[in-house]
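Raw protein_11.txt, compact mmCIF, C-alpha atoms and all ligand atoms:
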# COMPACT_ATOMS: atom_id res chain seq x y z
CA MET K 1 6.54 104.80 119.96
CA ALA K 2 6.77 104.78 123.74
CA SER K 3 3.23 106.15 124.03
CA LEU K 4 1.88 103.52 121.63
CA GLU K 5 3.45 100.83 123.74
CA SER K 6 2.12 102.26 126.97
CA SER K 7 -1.42 102.61 125.65
CA ALA K 8 -1.30 99.00 124.44
CA MET K 9 -0.08 98.06 127.90
CA GLU K 10 -2.85 100.07 129.53
CA ALA K 11 -5.52 98.46 127.40
CA SER K 12 -4.31 95.00 128.35
CA VAL K 13 -3.99 96.00 132.00
CA ASN K 14 -7.47 97.45 132.23
CA ARG K 15 -9.15 94.23 131.15
CA GLN K 16 -8.04 92.53 134.34
CA ASP K 17 -8.81 92.77 138.01
CA PRO K 18 -6.34 94.73 140.06
CA VAL K 19 -3.86 92.55 141.93
CA LEU K 20 -4.17 94.95 144.83
CA LYS K 21 -7.06 97.14 145.81
CA LEU K 22 -7.09 99.25 148.96
CA GLU K 23 -10.32 100.80 150.20
CA GLN K 24 -10.64 103.41 152.94
CA VAL K 25 -7.45 102.31 154.62
CA ARG K 26 -6.60 104.12 157.83
CA LYS K 27 -3.76 103.62 160.27
CA ASN K 28 -3.46 105.26 163.65
CA PHE K 29 -0.42 104.98 165.89
CA GLY K 30 -1.87 106.05 169.23
CA GLY K 31 -3.04 109.61 168.58
CA VAL K 32 -1.15 109.95 165.31
CA THR K 33 -2.99 109.26 162.06
CA ALA K 34 -0.28 107.95 159.72
CA ILE K 35 -2.73 107.09 156.89
CA GLU K 36 -6.29 108.26 156.41
CA ASN K 37 -8.93 107.17 153.92
CA PHE K 38 -6.48 105.74 151.42
CA ALA K 39 -7.65 104.03 148.21
CA LEU K 40 -5.53 102.60 145.41
CA GLU K 41 -5.54 99.91 142.77
CA VAL K 42 -2.47 98.25 141.26
CA PHE K 43 -2.95 96.21 138.09
CA PRO K 44 -0.86 93.27 136.81
CA GLY K 45 2.21 94.55 134.98
CA GLU K 46 1.67 98.07 136.29
CA ILE K 47 4.20 100.17 138.20
CA VAL K 48 2.63 102.61 140.65
CA ALA K 49 4.90 105.07 142.47
CA LEU K 50 4.12 106.31 145.95
CA VAL K 51 5.63 109.72 146.63
CA GLY K 52 5.53 112.22 149.46
CA ASP K 53 7.70 114.05 151.93
CA ASN K 54 9.30 112.39 154.96
CA GLY K 55 6.63 111.24 157.37
CA ALA K 56 3.91 111.30 154.71
CA GLY K 57 2.99 107.68 155.46
CA LYS K 58 4.60 105.85 152.54
CA SER K 59 6.43 103.18 154.53
CA THR K 60 3.40 102.70 156.77
CA LEU K 61 1.34 101.92 153.70
CA VAL K 62 3.88 99.37 152.46
CA LYS K 63 3.91 97.81 155.93
CA ILE K 64 0.12 97.54 155.89
CA VAL K 65 0.13 95.75 152.53
CA SER K 66 3.01 93.48 153.59
CA GLY K 67 1.37 92.42 156.85
CA VAL K 68 3.76 94.22 159.22
CA HIS K 69 1.04 96.59 160.52
CA ALA K 70 -2.65 95.77 160.60
CA PRO K 71 -4.72 98.72 159.32
CA THR K 72 -6.88 100.44 161.95
CA SER K 73 -9.73 100.19 159.45
CA GLY K 74 -10.31 99.64 155.74
CA ARG K 75 -10.08 96.81 153.27
CA ILE K 76 -7.21 95.07 151.51
CA ILE K 77 -8.39 93.19 148.43
CA ILE K 78 -6.11 90.82 146.54
CA GLU K 79 -7.37 89.75 143.12
CA GLY K 80 -10.94 90.51 144.09
CA ARG K 81 -10.89 88.85 147.51
CA GLU K 82 -10.68 90.71 150.79
CA VAL K 83 -7.84 89.44 152.94
CA ALA K 84 -6.74 89.95 156.52
CA MET K 85 -3.03 90.66 156.24
CA SER K 86 -2.06 90.00 159.82
CA SER K 87 1.55 88.91 159.32
CA ALA K 88 4.38 89.06 156.82
CA THR K 89 4.01 85.30 156.39
CA MET K 90 0.40 85.76 155.39
CA ALA K 91 1.27 88.49 152.90
CA ARG K 92 3.85 86.15 151.35
CA ALA K 93 1.25 83.41 151.13
CA HIS K 94 -0.84 85.87 149.09
CA GLY K 95 2.05 86.34 146.65
CA ILE K 96 3.30 89.67 148.05
CA GLU K 97 7.02 90.37 148.54
CA VAL K 98 8.90 93.46 149.74
CA VAL K 99 12.29 94.91 148.85
CA TYR K 100 13.69 97.46 151.30
CA GLN K 101 16.35 100.10 150.83
CA ASP K 102 18.57 98.61 153.50
CA LEU K 103 19.39 95.51 151.48
CA ALA K 104 17.92 93.01 153.91
CA LEU K 105 20.03 90.01 152.98
CA ALA K 106 22.07 87.59 155.08
CA ASP K 107 25.60 88.91 154.55
CA GLN K 108 27.52 85.75 155.40
CA GLN K 109 25.40 83.50 153.21
CA THR K 110 25.62 82.66 149.53
CA VAL K 111 23.40 84.22 146.91
CA TYR K 112 21.43 81.03 146.39
CA MET K 113 20.82 80.54 150.14
CA ASN K 114 19.53 84.11 150.30
CA LEU K 115 17.07 83.46 147.53
CA PHE K 116 15.50 80.68 149.57
CA LEU K 117 16.12 81.90 153.12
CA GLY K 118 13.46 80.41 155.41
CA ARG K 119 11.80 78.68 152.45
CA GLU K 120 14.47 76.19 151.44
CA PRO K 121 13.39 73.23 149.31
CA VAL K 122 14.27 69.79 150.67
CA ASN K 123 14.75 66.56 148.78
CA ARG K 124 13.07 63.25 149.57
CA PHE K 125 15.65 62.58 152.28
CA GLY K 126 14.69 65.79 154.06
CA LEU K 127 18.01 67.40 153.14
CA LEU K 128 18.46 70.85 151.61
CA ASP K 129 18.05 70.54 147.87
CA ARG K 130 21.08 72.66 146.96
CA ARG K 131 21.08 71.60 143.32
CA LYS K 132 17.54 72.89 142.89
CA MET K 133 18.31 76.15 144.72
CA ILE K 134 21.43 76.77 142.63
CA ASP K 135 19.74 75.93 139.33
CA GLU K 136 16.74 78.15 140.04
CA THR K 137 18.96 80.98 141.28
CA GLU K 138 21.13 80.85 138.16
CA LYS K 139 18.12 80.83 135.87
CA LEU K 140 16.48 83.76 137.62
CA LEU K 141 19.65 85.87 137.72
CA LYS K 142 20.11 85.21 134.03
CA ASP K 143 16.47 86.02 133.18
CA LEU K 144 16.64 89.28 135.13
CA ASP K 145 20.15 90.04 133.86
CA VAL K 146 21.50 90.43 137.40
CA ARG K 147 25.25 90.23 136.84
CA ILE K 148 27.08 88.55 139.70
CA PRO K 149 30.05 86.17 139.65
CA SER K 150 28.00 83.10 140.63
CA ALA K 151 25.10 81.79 142.68
CA HIS K 152 27.78 80.61 145.13
CA ALA K 153 29.12 84.12 145.77
CA THR K 154 28.79 85.41 149.34
CA ILE K 155 26.55 88.46 149.72
CA ARG K 156 29.19 90.55 151.54
CA ASP K 157 31.48 90.28 148.49
CA LEU K 158 28.89 91.91 146.19
CA SER K 159 28.38 95.60 145.41
CA GLY K 160 25.28 97.42 146.63
CA GLY K 161 23.72 97.22 143.18
CA GLN K 162 24.39 93.50 142.92
CA ARG K 163 22.86 92.95 146.36
CA GLN K 164 19.76 94.88 145.45
CA GLY K 165 19.62 92.78 142.27
CA VAL K 166 19.62 89.67 144.44
CA ALA K 167 16.93 91.13 146.73
CA ILE K 168 14.72 91.89 143.73
CA ALA K 169 15.43 88.45 142.25
CA ARG K 170 14.33 86.91 145.55
CA ALA K 171 11.12 88.96 145.57
CA THR K 172 10.51 88.03 141.93
CA HIS K 173 10.98 84.34 142.63
CA TRP K 174 8.38 84.34 145.40
CA ALA K 175 5.96 87.09 144.41
CA SER K 176 3.14 85.77 142.27
CA LYS K 177 1.14 89.01 142.42
CA LEU K 178 2.77 92.07 143.91
CA ILE K 179 6.20 93.46 144.72
CA LEU K 180 6.56 96.41 147.08
CA LEU K 181 9.77 98.39 146.80
CA ASP K 182 10.57 100.90 149.57
CA GLU K 183 13.33 103.20 148.28
CA PRO K 184 15.17 100.33 146.54
CA THR K 185 17.93 102.54 145.14
CA ALA K 186 18.40 104.96 148.05
CA ALA K 187 21.76 103.39 148.96
CA LEU K 188 23.01 103.01 145.38
CA GLY K 189 25.20 104.96 142.96
CA VAL K 190 24.10 106.19 139.55
CA ALA K 191 25.12 103.16 137.45
CA GLU K 192 23.77 100.73 140.05
CA THR K 193 20.51 102.63 140.20
CA ALA K 194 20.16 102.42 136.42
CA LYS K 195 20.67 98.66 136.54
CA VAL K 196 18.08 98.21 139.30
CA GLU K 197 15.61 100.35 137.34
CA GLU K 198 16.15 98.12 134.31
CA ILE K 199 15.36 95.07 136.44
CA VAL K 200 12.23 96.71 137.88
CA LEU K 201 10.99 97.55 134.37
CA SER K 202 11.61 93.97 133.26
CA LEU K 203 9.19 92.77 135.95
CA LYS K 204 6.30 94.29 133.99
CA GLN K 205 6.58 91.43 131.52
CA ARG K 206 5.92 88.99 134.33
CA ARG K 207 2.54 90.61 134.94
CA ILE K 208 3.43 91.36 138.55
CA GLY K 209 2.01 94.53 140.08
CA ILE K 210 4.64 96.87 141.46
CA LEU K 211 4.29 99.56 144.11
CA ILE K 212 7.49 101.58 144.44
CA ILE K 213 8.37 104.30 146.94
CA SER K 214 10.99 106.71 145.69
CA HIS K 215 12.10 110.20 146.63
CA SER K 216 13.63 110.64 143.17
CA LEU K 217 11.06 112.17 140.87
CA ASP K 218 13.36 111.48 137.91
CA GLN K 219 13.20 107.81 138.81
CA VAL K 220 9.45 107.94 139.32
CA PHE K 221 8.94 109.49 135.89
CA ARG K 222 11.24 106.88 134.32
CA LEU K 223 9.46 103.90 135.88
CA ALA K 224 5.90 104.55 136.92
CA ASP K 225 2.68 104.20 134.97
CA ARG K 226 0.84 106.11 137.69
CA ILE K 227 1.94 108.28 140.59
CA CYS K 228 0.16 108.48 143.93
CA VAL K 229 0.91 111.43 146.19
CA LEU K 230 0.65 111.38 149.98
CA ARG K 231 0.98 114.38 152.28
CA ARG K 232 0.84 113.94 156.04
CA GLY K 233 -1.20 110.77 155.75
CA LYS K 234 -3.67 112.24 153.28
CA GLN K 235 -3.96 110.95 149.74
CA ILE K 236 -3.63 114.08 147.62
CA GLY K 237 -4.19 112.41 144.27
CA VAL K 238 -3.21 109.80 141.70
CA ARG K 239 -2.00 110.81 138.25
CA LYS K 240 -1.11 108.91 135.10
CA THR K 241 2.57 109.66 134.50
CA VAL K 242 1.91 110.61 130.86
CA GLU K 243 -0.72 113.13 131.96
CA THR K 244 1.31 114.99 134.58
CA ASP K 245 4.72 116.59 135.09
CA LYS K 246 7.20 117.17 137.88
CA ASN K 247 5.82 120.62 138.68
CA GLU K 248 2.37 119.27 139.34
CA ILE K 249 3.69 116.39 141.44
CA ILE K 250 5.93 118.71 143.47
CA ALA K 251 2.98 121.03 144.08
CA MET K 252 0.94 118.05 145.27
CA ILE K 253 3.74 116.83 147.55
CA THR K 254 4.37 120.22 149.13
CA GLY K 255 0.89 121.72 148.99
CA LEU K 256 2.45 124.86 147.45
CA GLN K 257 1.71 126.19 143.99
CA GLN K 258 4.75 126.17 141.72
N1 LIG K 301 5.62 102.23 164.46
C1 LIG K 301 5.22 103.51 164.56
N2 LIG K 301 4.77 104.01 165.73
C2 LIG K 301 4.34 105.28 165.82
N3 LIG K 301 4.33 106.15 164.81
C3 LIG K 301 4.77 105.72 163.61
C4 LIG K 301 5.25 104.38 163.41
N4 LIG K 301 5.62 104.23 162.13
C5 LIG K 301 5.40 105.42 161.53
N5 LIG K 301 4.90 106.32 162.43
C6 LIG K 301 4.50 107.70 162.12
O1 LIG K 301 3.65 107.68 160.99
C7 LIG K 301 3.92 108.76 160.12
C8 LIG K 301 4.29 108.24 158.74
O2 LIG K 301 5.56 107.59 158.78
P1 LIG K 301 6.17 106.78 157.57
O3 LIG K 301 5.15 105.87 157.04
O4 LIG K 301 7.45 106.18 158.02
O5 LIG K 301 6.46 107.95 156.53
P2 LIG K 301 7.34 107.97 155.19
O6 LIG K 301 7.76 106.57 154.87
O7 LIG K 301 6.44 108.58 154.17
O8 LIG K 301 8.51 108.85 155.49
C9 LIG K 301 5.03 109.58 160.79
O9 LIG K 301 4.42 110.62 161.51
C10 LIG K 301 5.68 108.58 161.69
O10 LIG K 301 6.27 109.20 162.78
MG MG K 302 9.67 105.70 154.62
Spell out the structure here as structure tokens.
Amino acid sequence: MASLESSAMEASVNRQDPVLKLEQVRKNFGGVTAIENFALEVFPGEIVALVGDNGAGKSTLVKIVSGVHAPTSGRIIIEGREVAMSSATMARAHGIEVVYQDLALADQQTVYMNLFLGREPVNRFGLLDRRKMIDETEKLLKDLDVRIPSAHATIRDLSGGQRQGVAIARATHWASKLILLDEPTAALGVAETAKVEEIVLSLKQRRIGILIISHSLDQVFRLADRICVLRRGKQIGVRKTVETDKNEIIAMITGLQQ
């Protein structure tokens, strides 16, 4: 049944343009080549995992797509149009949001303020529209099944899993096209990780493209439609999850035959 569903999903995905297309992307830091000749497409509703050893270039790639680092050369194409992603603000304007492992939320603030941090709606008097923020936060948390006491809760009172739920909810609220997740469950326990994975899977229904970095191959095989392997800045290959296995992916990551 799972394979029927995924082939139906694939068929519907393939009819559309990719939300993200990278062509010949390279990034040098001084004399170090962090990424060379990288190419990838991410389709709406698709989860692509980026795997590789430490230093392989995974975070650099996420930073290129999210406007933190400009690529040394290559093209970033969003829904068929080449874009210059020269700042995080610009990436956001293109509907791209990032979730990091280190739970980048404002600890002292409420959940609803975090959802709108830096992008708060104002009413016609120019005052913060708290009602709107609270209503939208509550709706989103409910839709994503992020279980927290209330939109008024302070971030520091939440568990790691709840915080990551809020971070993903924030990304979901603002991302119209693509969410990048860099080790979103690295700091979480088993049950919290399972909950975050559930939320990530639920994003497929919203037709958002998802690029996730994870060092857990179990997680990658649970979530991803396709798996892209990097080794020392080189793109080793991309596999459909249903057409590969952990042994092959490990061999690609390490460069050693299993
Ligand atoms: N800001 C930077 N300045 C210089 N070198 C960097 C910078 N960021 C990453 N690197 C280098 O680029 C390579 C890839 O790093 P990174 O993308 O963080 O790998 P990963 O996330 O796969 O562990 C490493 O050799 C790292 O030292
Ligand atoms: Mg990294």
Using 10 Å as the limit and counting all atoms listed in the file, can you tabulate each residue of chain K that touches ligand MG 302 (chain K), with its shortest atom-to-atom distance in Å and the two atoms involved, as a Markdown table?
| residue | atom | partner | partner_atom | distance |
| --- | --- | --- | --- | --- |
| K:Val51 | CA | K:MG302 | MG | 9.8 |
| K:Gly52 | CA | K:MG302 | MG | 9.3 |
| K:Asp53 | CA | K:MG302 | MG | 9.0 |
| K:Asn54 | CA | K:MG302 | MG | 6.7 |
| K:Gly55 | CA | K:MG302 | MG | 6.9 |
| K:Ala56 | CA | K:MG302 | MG | 8.0 |
| K:Gly57 | CA | K:MG302 | MG | 7.0 |
| K:Lys58 | CA | K:MG302 | MG | 5.5 |
| K:Ser59 | CA | K:MG302 | MG | 4.1 |
| K:Thr60 | CA | K:MG302 | MG | 7.3 |
| K:Leu61 | CA | K:MG302 | MG | 9.2 |
| K:Val62 | CA | K:MG302 | MG | 8.8 |
| K:Lys63 | CA | K:MG302 | MG | 9.9 |
| K:Tyr100 | CA | K:MG302 | MG | 9.8 |
| K:Gln101 | CA | K:MG302 | MG | 9.5 |
| K:Asp182 | CA | K:MG302 | MG | 7.0 |
| K:Glu183 | CA | K:MG302 | MG | 7.7 |
| K:Ile213 | CA | K:MG302 | MG | 7.9 |
| K:Ser214 | CA | K:MG302 | MG | 9.1 |
| K:His215 | CA | K:MG302 | MG | 9.5 |
d(CA of Ala175 in chain K, CA of Leu115 in chain K) in Å: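 Atom-to-atom, CA of Ala175 in chain K and CA of Leu115 in chain K are spaced 12.1 Å apart.
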Could you give me the centre and size, in Å to one decimal, of an axis-aligned box around all listed atoms of range 15-21 of chain K with 4 Å added on every side, as AutoDock Vina command-line options?
--center_x -6.5 --center_y 94.8 --center_z 138.5 --size_x 13.3 --size_y 12.6 --size_z 22.7
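Distances to Gln235 in chain K were evaluated for K:Arg92, K:Ser86, K:Glu97, K:Gly255 using all atoms listed in the file, and the minimum falls at K:Gly255.
One finds atom P1 of ligand LIG 301 (chain K) at 15.7 Å from CA of Val98 in chain K.
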message: My list of candidates is K:Lys27, K:Ser159, K:Arg170, K:Val19. Which is closest to ligand LIG 301 (chain K) when distances are computed with only C-alpha atoms and all ligand atoms?
response: K:Lys27
task: Would you mind reading off the distance between CA of Glu197 in chain K and CA of Ser66 in chain K, one decimal, in Å?
output: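 Here the two named atoms are 21.7 Å from each other.
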- request: Write out as a VMD selection string each polymer residue whose atoms come within 9 Å of Leu140 in chain K, counting all atoms listed in the file; drop sequence neighbours fewer than 6 positions from it.
  value: chain K and resid 146 169 to 170 172 to 173
